[in-house]
Structures are given as C-alpha cells and as structure tokens.
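Here is the structure we will look at, set down as structure tokens.
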Amino acid sequence: MNQSKIAEEQKEISKVLPKEEKKVRWYVIHTQTGHEQKVKQALEQRLRSLGVEDKIFEIVIPTREIVTVKKGKKVKTKERIFPGYLLVKMILDDDSWLVVRTTNGVTGFVGAGLKPTPISEKEVEAILKFVEQEERRFKTKFSVGEAVKIISGPFADFLGTIDSIDEERGKVKVLVSIFDRETPIELDFLQIQKLN
C-alpha cells in the first residue's frame with residue numbers, strides 16, 4: 001500500500017476517532033486469506049518494536065481443532081473459523097490504528113466507512129467459547145451415492161454405495177447387496193475407501 005493513501009486514510013480516520021474515548025475494545029481486521037498467522041506475528045513484532053503494547057493487548061486467530069480422515073487415518077487439524085480475519089483487543093487511537101493499518105498483510109479494519117467498528121463483548125465471548133469447544137466433526141471426502149469398498153470388519157471386501165453421512169460421529173451408512181437385497185450397514189469412515 002502506498003504511503004500517500006495511508007496518509008489520506010489517517011487524516012480521515014483522525015476526524016472520526018473520538019479523542020476522549022480510551023476504552024479497550026475488540027476490533028476485527030481483515031487480512032489476506034491464508035496469511036492470518038504471518039499477519040499476527042508481524043503485528044506482534046511491530047507493537048513491541050514501536051512501543052504500543054499499552055494500546056494493543058491481544059490478537060486472536062479464531063480457529064478450532066477438527067478431526068479429518070486422510071489416507072485411512074484420523075488426523076487432528078486446525079480449521080480457521082473466519083478465514084481472512086483476526087480479532088484485536090486494543091485501545092483505538094491514531095497511533096494504534098496506524099500500527100495495525102500499516103502492518104504487512106492487513107487490508108483494513110471492519111467497520112462502517114472508514115471508522116473501525118468495535119464488536120461487542122457478547123460477540124467476542126461467543127466466538128471464544130465456540131473456539132474452545134472441542135469439535136467432534138469429521139471432515140471427509142466421501143459423498144452420498146458414491147461407490148466404496150469396505151476394507152475392515154465383517155463385511156471387508158464388499159462393495160457398496162454411500163446412503164448417508166454423519167460427520168458429527170464419523171459414520172456412514174453404506175448400502176451393501178446381501179442375498180440380492182440392499183442392506184444398510186453403519187460403518188466408521190476408516191472402514192471404507194473410495195473405489196479407484
């Protein structure tokens with residue numbers, strides 16, 4: 001971002017920022033999707049080097065742990081809840097605004113017009129509570145109607161078609177032809193594989 005555009009924005013933001021208000025609030029900043037961690041690290045480094053630790057207190061990337069099935073194994077991974085966004089707890093003034101706004105990867109504050117709009121404590125509490133909950137959802141690449149092979153259990157080597165998927169429990173219902181009848185069998189994601 002060029003310096004003249006930032007200088008123009010800073011003049012405009014100075015007009016809309018209340019001078020007397022020195023409240024600690026949560027703000028949402030927009031970043032390039034996929035660069036949230038780099039932006040967080042860059043911002044943390046800048047606030048230390050520019051001495052604004054007394055104005056910017058916490059930077060949160062809302063993520064939660066999920067279980068995915070990859071190559072027949074359950075793997076825990078982190079999933080970004082709001083890709084491209086960070087939560088920043090700060091006192092908003094000209095200096096803190098400039099530090100955040102000029103950090104590499106930050107595309108802007110979320111708000112009405114040029115004015116950054118704080119989010120309520122209730123919203124922040126809800127987001128943080130959601131982040132802390134352990135996610136039991138299993139992400140998989142299977143889809144209803146897909147042909148699969150059962151690879152373990154009493155029906156190993158049978159072929160079937162996925163009838164339904166329960167990502168919460170990591171289970172699928174597979175229709176298997178037994179005695180010329182389609183019979184639904186509930187299986188774990190790890191018990192089936194796609195047909196190549």
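Numbering starts fresh at 1 for the residues of each chain in the structure tokens, the chains themselves are lettered A, B, ... in the order given, and ligands are numbered from 1 as they appear.
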
**Request:** Please give the complete set of residues from chain A that DSSP, run on the backbone, assigns to strand (DSSP E), formatted as number ranges by chain.
**Result:** A: 24-31, 56-60, 63-70, 73-80, 85-91, 106-109, 111-112, 115-116, 138-139, 147-150, 159-166, 171-178, 181-188, 192-194

**Asked** Taking the backbone alone, and naming residues the way the document does, which bits of chain A are alpha helix (DSSP H) by DSSP, as JSON, numbers by chain?
**Response** {"A": [3, 4, 5, 6, 7, 8, 9, 10, 11, 12, 13, 14, 15, 16, 36, 37, 38, 39, 40, 41, 42, 43, 44, 45, 46, 47, 48, 49, 94, 95, 96, 97, 98, 99, 100, 101, 121, 122, 123, 124, 125, 126, 127, 128, 129, 130, 131, 132]}

**Shell around Gly111 (chain A) at 12 Å using only C-alpha atoms, local window under 3 positions removed, as a PyMOL selection string** = chain A and resi 13+16+26-30+108+114-119

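Note that the spacing between CA of Leu92 (chain A) and CA of Glu79 (chain A) amounts to 28.9 Å.
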
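When CA of Lys23 (chain A) is paired with CA of Ile56 (chain A), their separation reads 11.4 Å.
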
**Message:** Quick one: residues within 12 Å of Gln41 (chain A), only C-alpha atoms, excluding same-chain residues fewer than 2 positions away - as a PyMOL selection string?
**Reply:** chain A and resi 35-39+43-48+58-61+86+100+103-106

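Straight-line separation from CA of Phe82 (chain A) to CA of Phe189 (chain A): 26.9 Å.
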
**Item:** Contacts of region 151-162 of chain A at 7 Å (only C-alpha atoms; same-chain gap of 4+ positions) as a PyMOL selection string
**Value:** chain A and resi 144-147+172-176+191-193

Go ahead and save the picked residues with N, CA, C and O atoms, as a CSV table (one decimal), in the first residue's frame.
chain,number,residue,atom,x,y,z
A,144,VAL,N,-22.7,-38.8,-0.7
A,144,VAL,CA,-23.8,-39.7,-0.8
A,144,VAL,C,-23.9,-40.2,-2.3
A,144,VAL,O,-23.8,-39.4,-3.2
A,145,GLY,N,-24.1,-41.5,-2.4
A,145,GLY,CA,-24.3,-42.0,-3.8
A,145,GLY,C,-23.0,-42.6,-4.3
A,145,GLY,O,-22.9,-43.2,-5.4
A,146,GLU,N,-21.9,-42.3,-3.6
A,146,GLU,CA,-20.6,-42.7,-4.1
A,146,GLU,C,-20.3,-44.2,-3.8
A,146,GLU,O,-20.7,-44.7,-2.8
A,147,ALA,N,-19.7,-44.9,-4.8
A,147,ALA,CA,-19.4,-46.3,-4.6
A,147,ALA,C,-18.1,-46.4,-3.8
A,147,ALA,O,-17.1,-45.7,-4.0
A,172,VAL,N,-20.8,-43.6,8.4
A,172,VAL,CA,-21.5,-43.6,7.1
A,172,VAL,C,-22.5,-44.8,7.1
A,172,VAL,O,-22.2,-45.8,7.7
A,173,LYS,N,-23.6,-44.6,6.4
A,173,LYS,CA,-24.4,-45.8,6.1
A,173,LYS,C,-24.2,-46.2,4.7
A,173,LYS,O,-24.3,-45.4,3.8
A,174,VAL,N,-23.8,-47.5,4.5
A,174,VAL,CA,-23.4,-48.0,3.2
A,174,VAL,C,-24.5,-49.0,2.8
A,174,VAL,O,-24.7,-49.9,3.6
A,175,LEU,N,-25.0,-48.9,1.6
A,175,LEU,CA,-25.9,-50.0,1.1
A,175,LEU,C,-25.1,-51.1,0.5
A,175,LEU,O,-24.4,-50.8,-0.5
A,176,VAL,N,-25.2,-52.3,1.0
A,176,VAL,CA,-24.4,-53.4,0.5
A,176,VAL,C,-25.4,-54.5,0.0
A,176,VAL,O,-26.5,-54.7,0.7
A,191,GLN,N,-13.4,-47.5,7.9
A,191,GLN,CA,-13.7,-48.8,7.4
A,191,GLN,C,-13.9,-48.9,5.9
A,191,GLN,O,-14.2,-49.9,5.3
A,192,ILE,N,-14.0,-47.7,5.2
A,192,ILE,CA,-14.3,-47.7,3.8
A,192,ILE,C,-13.2,-46.9,3.0
A,192,ILE,O,-12.5,-46.1,3.6
A,193,GLN,N,-13.1,-47.2,1.8
A,193,GLN,CA,-12.3,-46.4,0.9
A,193,GLN,C,-12.9,-46.2,-0.4
A,193,GLN,O,-13.8,-47.0,-0.8
